[in-house]
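> Sharing a structure with you now.
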Amino acid sequence: MKMTKSMETAFREDGYLMLESLFSEEEVSFILHQLPILMASETPHVVKEKNGQVRSIYGLHEINVIFEELVRVERLINIARSLLNSDVYIHQTKINIKQAFDGEWWEWHQDFPYWHLYDGMPVPRVLSVMIFLDEVTDFNGPLYVIPGTHELGMVDFEKKATVGIDGAPAYTSSLSANLEYTIERKVLSQWFRQRGIFAATGKPGTALVFHGNIFHASNCNLSPLDRRVLIITYNSIENTLTTVEKERPTFLSNRNFTPLLPVPDNFLRIGNTL
Ligand SMILES: O=C(O)CCC(=O)C(=O)O
């Protein structure tokens with residue numbers, strides 16, 4: 001997959017880009033086959049909702065050989081390199097599992113403030129690729145973005161007095177449906193009036209590429225259909241993390257800054273288990 005000038009322009013102006021059929025049905029089912037075992041593991045990589053269902057699995061590239069390869073496939077590296085204008089490395093990977101009827105929301109936020117304040121990331125030269133593993137519809141909690149807001153820098157946020165669950169560090173609250181830094185409502189209202197909201201829907205295999213500073217959120221899943229997405233965050237190698245007082249674990253904030261070397265697009269070849 002080659003990025004065209006018009007795709008690059010759309011990303012620069014809007015802060016996001018939709019790419020239909022970036023992954024095939026076969027590739028998506030192969031990815032989904034990895035989930036049951038990952039979801040069953042009782043490690044800090046697996047984050048639960050209040051009701052005990054799995055909300056997210058982090059650090060996939062650290063714990064599973066398929067994901068270690070997948071994050072480096074040529075089509076993804078080409079996108080990240082051309083939009084960030086440099087070589088890239090992984091900052092974070094996760095699957096968000098918004099389960100039918102129960103999956104909880106993600107409040108309005110920007111990602112970069114977390115990576116800046118928690119992890120020491122200098123500037124927002126960072127993007128995420130969200131790959132749809134289920135069909136994402138209007139009803140199962142699509143990601144909402146406010147176009148153009150990536151250009152505003154870090155805006156005023158409402159810092160909540162969050163505490164970690166069961167004595168865990170405070171940052172763990174932001175892995176749950178209680179984010180620490182959410183965007184002020186007056187700022188949201190102003191930008192909503194100017195730019196509206198785009199809801200990212202599409203077939204499995206569609207990808208949404210979004211800038212680290214774009215305003216985004218998603219609603220609870222009230223539908224009978226799961227909404228599972230894989231999110232890979234690429235950072236520029238010219239924007240590596242600085243020292244912070246308390247580093248988060250590597251599955252939340254990777255500190256291996258080695259540039260990713262692309263591997264052939266056919267990651268299915270490493271395990272023909274379908
Ligand atoms: O999965 C979602 O709907 C939201 C994810 C998100 O906002 C994030 O990872 O920052």
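Chain labels follow the order of the structure tokens: the first chain is A, the next B, and so on; residue numbering restarts at 1 in every chain, and ligands are counted from 1 in their shown order.
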List as a count of residues only the protein and nucleic acid residues lying within 6 Å of ligand 1, with only C-alpha atoms and all ligand atoms counted.

6

> Using only C-alpha atoms, find each residue in segment 79-191 of chain A having at least one atom no more than 8 Å away from segment 225-242 of chain A; report its shortest atom-to-atom pair and that distance in Å (one decimal), rows by chain then rising number, as a tab-separated table.


```
residue	atom	partner	partner_atom	distance
A:Ala80	CA	A:Tyr234	CA	6.6
A:Arg81	CA	A:Ser236	CA	8.0
A:Leu84	CA	A:Ser236	CA	6.2
A:Asn85	CA	A:Ser236	CA	7.9
A:Ser86	CA	A:Ser236	CA	6.0
A:Asp87	CA	A:Ile237	CA	5.8
A:Val88	CA	A:Ser236	CA	4.5
A:Tyr89	CA	A:Asn235	CA	5.6
A:Ile90	CA	A:Tyr234	CA	4.8
A:His91	CA	A:Thr233	CA	5.5
A:Gln92	CA	A:Thr233	CA	5.1
A:Thr93	CA	A:Ile232	CA	4.5
A:Lys94	CA	A:Ile231	CA	5.3
A:Ile95	CA	A:Leu230	CA	4.3
A:Asn96	CA	A:Val229	CA	5.4
A:Ile97	CA	A:Arg228	CA	4.5
A:Lys98	CA	A:Arg227	CA	5.0
A:Gln99	CA	A:Asp226	CA	4.6
A:Ala100	CA	A:Asp226	CA	4.4
A:Phe101	CA	A:Leu225	CA	7.6
A:Asp119	CA	A:Leu241	CA	6.5
A:Gly120	CA	A:Thr242	CA	4.8
A:Met121	CA	A:Leu241	CA	4.5
A:Pro122	CA	A:Asn239	CA	6.1
A:Val123	CA	A:Asn239	CA	6.7
A:Arg125	CA	A:Ser236	CA	6.1
A:Val126	CA	A:Asn235	CA	4.4
A:Leu127	CA	A:Tyr234	CA	5.6
A:Ser128	CA	A:Thr233	CA	4.1
A:Val129	CA	A:Ile232	CA	5.3
A:Met130	CA	A:Ile231	CA	4.4
A:Ile131	CA	A:Leu230	CA	5.1
A:Phe132	CA	A:Val229	CA	4.7
A:Leu133	CA	A:Val229	CA	5.2
A:Asp134	CA	A:Arg227	CA	5.6
A:Glu135	CA	A:Arg227	CA	7.2
A:Val136	CA	A:Arg227	CA	6.2
A:Asn140	CA	A:Arg227	CA	5.9
A:Gly141	CA	A:Arg227	CA	7.0
A:Pro142	CA	A:Arg227	CA	7.9
```

> Store the residues picked out above, limited to C-alpha atoms, as a CSV table (one decimal), in the first residue's frame.


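selection.csv was written with the following content:
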```
chain,number,residue,atom,x,y,z
A,80,ALA,CA,3.6,5.5,9.7
A,81,ARG,CA,6.8,6.6,8.0
A,84,LEU,CA,5.6,11.0,10.5
A,85,ASN,CA,8.4,11.8,8.0
A,86,SER,CA,11.0,9.5,9.6
A,87,ASP,CA,11.7,6.0,10.8
A,88,VAL,CA,9.4,4.8,13.5
A,89,TYR,CA,9.2,2.5,16.5
A,90,ILE,CA,6.3,1.2,18.6
A,91,HIS,CA,5.2,3.2,21.5
A,92,GLN,CA,2.2,1.0,22.4
A,93,THR,CA,0.0,-1.8,21.1
A,94,LYS,CA,-3.4,-3.0,22.4
A,95,ILE,CA,-6.7,-4.6,21.5
A,96,ASN,CA,-9.8,-2.9,22.8
A,97,ILE,CA,-12.6,-5.3,23.3
A,98,LYS,CA,-15.9,-3.5,23.6
A,99,GLN,CA,-18.1,-6.4,24.4
A,100,ALA,CA,-21.7,-6.7,23.2
A,101,PHE,CA,-24.1,-5.0,25.6
A,119,ASP,CA,6.1,8.8,29.6
A,120,GLY,CA,8.1,11.9,28.7
A,121,MET,CA,7.3,12.0,25.0
A,122,PRO,CA,8.6,15.4,23.8
A,123,VAL,CA,6.2,16.4,21.0
A,125,ARG,CA,4.9,13.4,16.4
A,126,VAL,CA,3.0,10.2,17.0
A,127,LEU,CA,0.0,8.4,15.4
A,128,SER,CA,-2.1,5.4,16.0
A,129,VAL,CA,-3.6,2.9,13.5
A,130,MET,CA,-6.8,1.3,14.6
A,131,ILE,CA,-7.6,-1.8,12.7
A,132,PHE,CA,-11.3,-3.0,12.9
A,133,LEU,CA,-11.6,-6.7,13.8
A,134,ASP,CA,-15.4,-6.6,13.8
A,135,GLU,CA,-17.7,-4.5,11.6
A,136,VAL,CA,-17.9,-1.2,13.4
A,140,ASN,CA,-21.5,-0.8,18.8
A,141,GLY,CA,-19.3,2.1,20.0
A,142,PRO,CA,-17.4,3.5,17.0
```

> Using only C-alpha atoms, which residues sit within 8 Å of segment 7-21 of chain A once same-chain residues fewer than 4 positions away are excluded, as a list in words?

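Once the adjacent positions are removed, what remains is Met3, Ser82, Leu83, Pro147, Gly148, Thr149, His150, Glu151, Ala200, Gly202, Lys203, Pro204, Gly205, Thr206, Ala207, Leu208, Val209, Phe210, His211 and Ile214 of chain A.
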
> I need the residues of segment 74-206 of chain A that end up classed as alpha helix (DSSP H) by DSSP on the backbone, written out as an NGL selection string.

:A and (74-84 or 112-119 or 185-195)

> Would you please give, as a ChimeraX atom specification, all residues of segment 40-136 of chain A that DSSP assigns to strand (DSSP E) based on the backbone?

/A:46-48,54-58,88-98,106-109,126-132

> Write a file of the selected residues as a CSV table (one decimal), in the first residue's frame, keeping C-alpha atoms.


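Below is the file that was written, part.csv:
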```csv
chain,number,residue,atom,x,y,z
A,46,VAL,CA,-5.0,-7.7,30.5
A,47,VAL,CA,-7.3,-4.9,31.8
A,48,LYS,CA,-10.8,-5.7,32.9
A,54,VAL,CA,-11.8,-7.9,29.4
A,55,ARG,CA,-11.6,-4.3,28.3
A,56,SER,CA,-8.1,-4.2,26.7
A,57,ILE,CA,-5.0,-6.3,26.2
A,58,TYR,CA,-1.8,-4.2,26.1
A,88,VAL,CA,9.4,4.8,13.5
A,89,TYR,CA,9.2,2.5,16.5
A,90,ILE,CA,6.3,1.2,18.6
A,91,HIS,CA,5.2,3.2,21.5
A,92,GLN,CA,2.2,1.0,22.4
A,93,THR,CA,0.0,-1.8,21.1
A,94,LYS,CA,-3.4,-3.0,22.4
A,95,ILE,CA,-6.7,-4.6,21.5
A,96,ASN,CA,-9.8,-2.9,22.8
A,97,ILE,CA,-12.6,-5.3,23.3
A,98,LYS,CA,-15.9,-3.5,23.6
A,106,TRP,CA,-13.8,6.1,26.4
A,107,GLU,CA,-14.3,9.7,27.5
A,108,TRP,CA,-13.2,12.6,25.3
A,109,HIS,CA,-9.4,12.9,25.4
A,126,VAL,CA,3.0,10.2,17.0
A,127,LEU,CA,0.0,8.4,15.4
A,128,SER,CA,-2.1,5.4,16.0
A,129,VAL,CA,-3.6,2.9,13.5
A,130,MET,CA,-6.8,1.3,14.6
A,131,ILE,CA,-7.6,-1.8,12.7
A,132,PHE,CA,-11.3,-3.0,12.9
```

> Please report the interatomic distance between atom CA of Arg248 of chain A and atom CA of Arg75 of chain A in Å with one decimal.

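Atom CA of Arg75 of chain A lies 29.3 Å from atom CA of Arg248 of chain A.
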
> Near Val145 of chain A, counting only C-alpha atoms, which residues have an atom at most 7 Å away, once you skip same-chain residues fewer than 6 positions from it, shown as a list in words?

Ile197, Phe198, Ala199, Ile214, Phe215, His216 and Ala217 of chain A

> For the residues in the current selection, export all heavy atoms as a compact mmCIF listing (two decimals), in the first residue's frame.


```
# COMPACT_ATOMS: atom_id res chain seq x y z
N ILE A 197 -18.60 16.03 14.35
CA ILE A 197 -17.97 14.77 14.78
C ILE A 197 -17.98 13.79 13.62
O ILE A 197 -18.99 13.66 12.93
CB ILE A 197 -18.75 14.15 15.97
CG1 ILE A 197 -18.59 15.00 17.23
CG2 ILE A 197 -18.27 12.72 16.25
CD1 ILE A 197 -19.37 14.48 18.43
N PHE A 198 -16.87 13.10 13.44
CA PHE A 198 -16.82 12.01 12.46
C PHE A 198 -16.84 10.70 13.24
O PHE A 198 -16.04 10.51 14.18
CB PHE A 198 -15.55 12.12 11.62
CG PHE A 198 -15.33 10.93 10.72
CD1 PHE A 198 -16.06 10.80 9.54
CD2 PHE A 198 -14.42 9.93 11.07
CE1 PHE A 198 -15.88 9.68 8.72
CE2 PHE A 198 -14.24 8.82 10.25
CZ PHE A 198 -14.97 8.70 9.07
N ALA A 199 -17.75 9.79 12.88
CA ALA A 199 -17.81 8.46 13.52
C ALA A 199 -17.16 7.45 12.57
O ALA A 199 -17.59 7.30 11.43
CB ALA A 199 -19.26 8.07 13.79
N ILE A 214 -5.52 14.36 18.27
CA ILE A 214 -6.91 14.60 17.84
C ILE A 214 -7.86 14.30 19.02
O ILE A 214 -7.62 13.39 19.81
CB ILE A 214 -7.28 13.75 16.59
CG1 ILE A 214 -8.52 14.32 15.91
CG2 ILE A 214 -7.46 12.28 16.94
CD1 ILE A 214 -8.69 13.88 14.48
N PHE A 215 -8.93 15.12 19.15
CA PHE A 215 -9.93 14.85 20.18
C PHE A 215 -10.68 13.59 19.77
O PHE A 215 -11.19 13.50 18.65
CB PHE A 215 -10.97 15.97 20.26
CG PHE A 215 -10.48 17.33 20.67
CD1 PHE A 215 -9.14 17.61 20.90
CD2 PHE A 215 -11.40 18.37 20.84
CE1 PHE A 215 -8.72 18.88 21.28
CE2 PHE A 215 -11.00 19.64 21.23
CZ PHE A 215 -9.65 19.89 21.44
N HIS A 216 -10.80 12.64 20.69
CA HIS A 216 -11.56 11.43 20.35
C HIS A 216 -12.21 10.83 21.59
O HIS A 216 -11.81 11.12 22.73
CB HIS A 216 -10.69 10.40 19.61
CG HIS A 216 -9.52 9.88 20.38
ND1 HIS A 216 -8.39 10.61 20.63
CD2 HIS A 216 -9.29 8.67 20.95
CE1 HIS A 216 -7.52 9.89 21.31
NE2 HIS A 216 -8.04 8.70 21.53
N ALA A 217 -13.21 9.98 21.32
CA ALA A 217 -13.99 9.34 22.39
C ALA A 217 -14.78 8.21 21.76
O ALA A 217 -14.85 8.10 20.54
CB ALA A 217 -14.99 10.36 22.97
```

> Could you check the closest approach to Gln53 of chain A for each of A:Pro124, A:Phe112, A:Arg72, A:Ser176 and tell me which residue wins, using only C-alpha atoms?

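With only C-alpha atoms as the atom set, the closest residue is A:Ser176.
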